[in-house]
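S.K.: Can you keep this structure in mind? I'll have questions shortly.
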Amino acid sequence: RGAQVSGTCAPSTTMAKYAERLLVLEEVAAGTKTRLFHLCRANIQCLNDNRTDRFRKEVARTFPEFPEFLEKAPQYSAFRDNAKNIIEELKPHYRTFVDLLQFKEEAFALLKDMSQNIMNMKYGECPDLVHGFMNLFCEYARTHLLVARCPDFQLIVSLYALAMQEAQRTNEENYNKLSTYVKDLHTPLEFLRSEFQSMSSRIGEVLVSLQNPLLKGSDPTRLQKEGVLSVLEKLDEIDHPVQEPLMLDLFHLGDFMEWIVYGFLICPAELIRDSATEILRCALYDGFALPIMRDIMFNAYDAVHELFSTYKTPELDLTRKPHKQFFKELVQSTNQEIYRRRLQRRKYLAMEMRNLVNFINDSPGILGPKVQVVFVALSMARREVLHYFEHIGQKGAQKRTLYATDYSSEVVSELIYYADKLARLVTQYRGVISAYYVEYCSGLHHENLAHITEKVLKMPMDQGVQRILRANLELLAAAGTAASDAAADASVRKLDAFRLNWYRALASFCSANSATAIHKVRDLADIMRLLCVHTRFVDDIDRFLDEVSSMRELWWHMQEVQKMFTQVIQIRGGDHPSHCMAIVRILNVVSDNAHPFVASEREFIGRKAVQIANQYIEHVAKSASSAIESLATSGYLALAESTGPVEAARRHAVVARGQELSESIMPGFESLPRNRAAVENIRLLSKTASLLLTAITESGSIIVYDCEFAPLEFLHDILFNATRDFVRRCFMPDGGGLARPSQAHAWLSAYLTSLKTVEFYCPLDVDAIVRRVLMTALYNRIVPGSLSPSAPEELDDVSPDKGTAADIEAAEAAKAAAAAGGDGDDDARAADRGSEPPLIAHISNWLINFIKRYIIEAQGVYFSTLRKGFISRPGNKIRAEEYLDIMELRALCQIIGPYGVKAIDRDVCDIIRGYVRGIRESLVVNRDPLMRFTEAYTDDSAAAKIATTAEGLDGFVRTAAAIGVFLSFRSLLHEALAHVLSERLPLVHECVQTANEQYPQYVMFDPAFVSADMLAYDCGVDIGDADPMLRLYITEYKTNADEADLWGLLPALFACSMYSKVWAESEYRVSLDAHANNIHTLATTLQALVAAFECVRPELGGVAHEQISSRIRLQLEAFVRYASMNLLRLRQQPQPPQHMASMFIFLDKFVQNSKYVSMDVLERSFPYAIMRSTYVHVFDQQRRRSKGGEDAEMGELDGGS
């Protein structure tokens, strides 16, 4: 800013230094106001000390004089003792007032000098000097208005001087002048009026000259009609740079309003001029809240009201009726006029800025010639946005507080959004813009300037001015003719001196003593004014862009900004959600509010801005996630439920029962006018989600202070957490129960359909997010059984001991985490923090507890191979088919996949292992009787005696039935898994199945086939009775040859169990092909345990590997023989057991479903005639019951089948 002309000296006249003085005083004013602002917010302890309260009152009473008898003043001793502390605390504030006084003297001297020496103060004649003059005038006024807001500023001055006198025995040298200065600042406007009385006419001259640019620039209808901000209005000039003077005036439109308000308040005598009142009216219509410093505002209405109530001079009496009527009309119409004007202007700006963004995106080259239009639009938009926030909460005309609803808030966010877009486009193409104006300025501009300068140099003028004009020609030419990049950079840097030199020359031309008046060099002034703007696009474009577009001042209105931010996201139906990230980007520049010499303030604002940016970006990402979830639940799912097959089945059932439908939902119902709300809701939710996602993607990275934010990473993490929570809520809608798998699948399908739309707008891999969620939730186990599910009723905890399978599970969990693409360390840290167990733990525990409580420990739920599921008895409140039906399990498998099935399977096998322990105990207790039974099972008396005296048969039967129930559940689960995989991954399923068929079964002990068997098992492929998972969990019960012999007695124990009383409750249900107490699952238990124990270390039993299959067959045939003999003995008893026929059917079903026992084995031991007559009897009996209504339960079950 202090650049000099190369090889020359500046003009000798004092006028030439106006430019430098204005720049310096502008910086001094900014620093002084910053210090005064901190003084307004400071908590000065010595001014609140109760020990010197009365002394301070006495000093304030006598200000600016000291109390006459100081030592006799009340509480003087306390003040004297604390004088050093008072000096230390008040010294920086006192120095602020000393510097303020110096600024006041220098600024006033410059203003007075300019008002006396500038020949013409009309804005149209020398706009640059007038702009500097009026800006300094307003800074002068704002500074004094700010002093009046400082609490006890007079007391600070006097206390510091008294403390210096008492502590250091010296008089403060600046006190007399300073006290005289500040004594009248309690009424700053009166003080300023007296100060500027001598300059009033020159200021009035400026204000009246603003009428033409003010009326043109403040009327949006006129701007639109003339196409000021439209690049398409004049297509024949679309490649020409803008040169209209109005475009330069629009940069300062906001300054004009402040000049007018402050000017007429401080120089009210100028209201006597023609059109002065209309100019004031126009300015007040534009706004009444003027910023003094940051969030400290000056209410112009209060000052104008006071002026029109009290100002009276011989020349002008504002209290008279004509002026009172003017003010009355002003007050009555101002609020409505502000709303109308601002709304119209903001809508016009938003429309034009939208067009500019679209046009520049299509044709970036237009930025070169039309960048000035962009800068004007940015400047006007910035002024509108600041105006909005400055006026919210202020009391306007008639003391009415203005709120956001009064000030067209719906358009403000749009202005912020398009201003951000335009600023980013300028930044992106600033190299192109700079190159364009380097060529333009050094070419056509230089040619025109040289021609005009040649004429001007012939006029009489100071030699220094001549040297300046010639030097500027050289600087302009050098900008485009540099030989190298380094030289070009040097020449570009000199364009700052080019502009400063012109301001020096302009000041000389405007001087009353100038030999050549400004009106004689009008052509030179016009082109140089344009060049001062165009050259800034060459070397100063970043700072220029910051001046016209930066909204850093919004930091002081962050509370209202936050309200707008929240409102923008919540608006439905418009484009407002896309504006949210532009509001976040404002935080990038708020730290610039701090004064360069107050580093701590910059640090504080920066850190606070980082926190707010983090909250805002997280809120945007959460809102996008919430919109996606709402789109799934309130949109897709609701529509699917009302038009899907379930609803169709319900309507069919209603018609089948002879009832009338309350409503008829037909295809295309959603298109009917009365039903379009659902479709409209989907459209709105989809649009909101798309706008938020697009805003996140387009925002890129956002730098706030010393942090760089990546909104896409926020979105990724929040979508992961939201998906994880939604999956959990799908299964646990009430927080602790378990939803029907089919219902959870429908919810999850709708959510994933909605979530998939994220990929349309964001470069995120949604599939990877979903895989990671499902793998984390459905496989990474923490502690199985750690949940206590509470639905459908409060269930017991299941905490099985993993035993020998723990190591395998831990290893596979690590593999699963790696396959999911997640970070194993993150999962470990989550576990260390005590996070909730994975969802699969809850599902597994809930299902196991459900089976134990409502199927094993209670009556009324049957396992039906015919229905492929567990069926509840009619009237039972527990509907097992809602969870354990084959269709429900298929839906479950579609969600949890093979990993989830394996997790449930392990928990089930863990439960079975506990039950197998009970089976082993029964074998140990009855070992000797069972051995005798196998030798004498054909001896009726001996065998019957052994069987009836066996211990714990009832407990054994219940335990074996429990094992059978769990094994049946496992069988259904794997069947459902096989169906899902064959449907979803047919190639994988068929490949694994084909590979499994290439080698015989029962080779799990061979390490070469372990992996293949486990892979087939996990894919749901039928690998026979040699259950690999079951074998793994029961290995511990067969560790030596003695235990091998013990388990060889298992068929005998099952045969002896026919004498148990549990069979009395085993009525066979024809419609379900099941026994009432699920005792038919004993067949599953026997076959599974025999096959599994034969495959566990067969060498312990002296069995060769190839003999395993025959060993299983021999044991099962032995059971058939033992059971047949026992059943025939029971039939011959005088009082045969109840449901004897059900026992016969059990044996027949056992043989029918066995792979190893043929029917001829049964017929050799049990007469076929008895079995046939048994079936006939049971079927006829249950049919008669169903028809006669004797057994409603049986009838419903039969009808259901």
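Each chain of the structure tokens is named A, B, ... in the order shown, its residues numbered from 1; ligands are numbered from 1 in display order.
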Which of segment 284-394 of chain A end up as alpha helix (DSSP H) when DSSP is run on this backbone - answer as a PyMOL selection string?

M.R.: chain A and resi 284-286+300-310+321-362+367-391

S.K.: Give me, as a list in words, all polymer residues having an atom no more than 9 Å from Glu975 of chain A, counting only C-alpha atoms and skipping those fewer than 5 positions away in the same chain.

M.R.: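 Close residues of Glu975 of chain A: Ile886, Leu889, Arg890, Arg970, Val980, Gly1020, Val1021 and Asp1022 of chain A.
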
S.K.: Need to verify the contact set: segment 604-611 of chain A, 6 Å, only C-alpha atoms, exclusion of same-chain residues closer than 2 positions in sequence. Can you return it as a list in words?

M.R.: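 Skipping anything fewer than 2 positions along the chain leaves Leu587, Ser591, Glu601, Arg602, Ala613, Asn614, Val704 and Tyr705 of chain A.
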
S.K.: Could you tell me how far atom CA of Ser379 of chain A sits from atom CA of Glu244 of chain A, in Å to one decimal place?

M.R.: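 These two atoms are separated by 16.5 Å.
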
S.K.: So, counting only C-alpha atoms, which residue among A:Glu410, A:Glu166, A:Asp767, A:Glu270 is closest to Phe196 of chain A?

M.R.: A:Glu270

S.K.: Record the distance separating atom CA of Tyr1068 of chain A and atom CA of His1139 of chain A, expressed in Å with one decimal.

M.R.: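 Computed distance, atom CA of Tyr1068 of chain A to atom CA of His1139 of chain A, equals 7.9 Å.
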
S.K.: Which neighbours of Thr1081 of chain A fall inside 7 Å, counting only C-alpha atoms, when residues of the same chain fewer than 6 positions from it are skipped, and could you give them as a PyMOL selection string?

M.R.: chain A and resi 961+964-965

S.K.: Considering only C-alpha atoms, return as an NGL selection string whatever protein or nucleic-acid residues lie within 12 Å of Leu985 of chain A, sequence-local ones (same chain, fewer than 5 positions apart) excluded.

M.R.: :A and (894 or 897-898 or 977-980 or 990-992 or 1019)
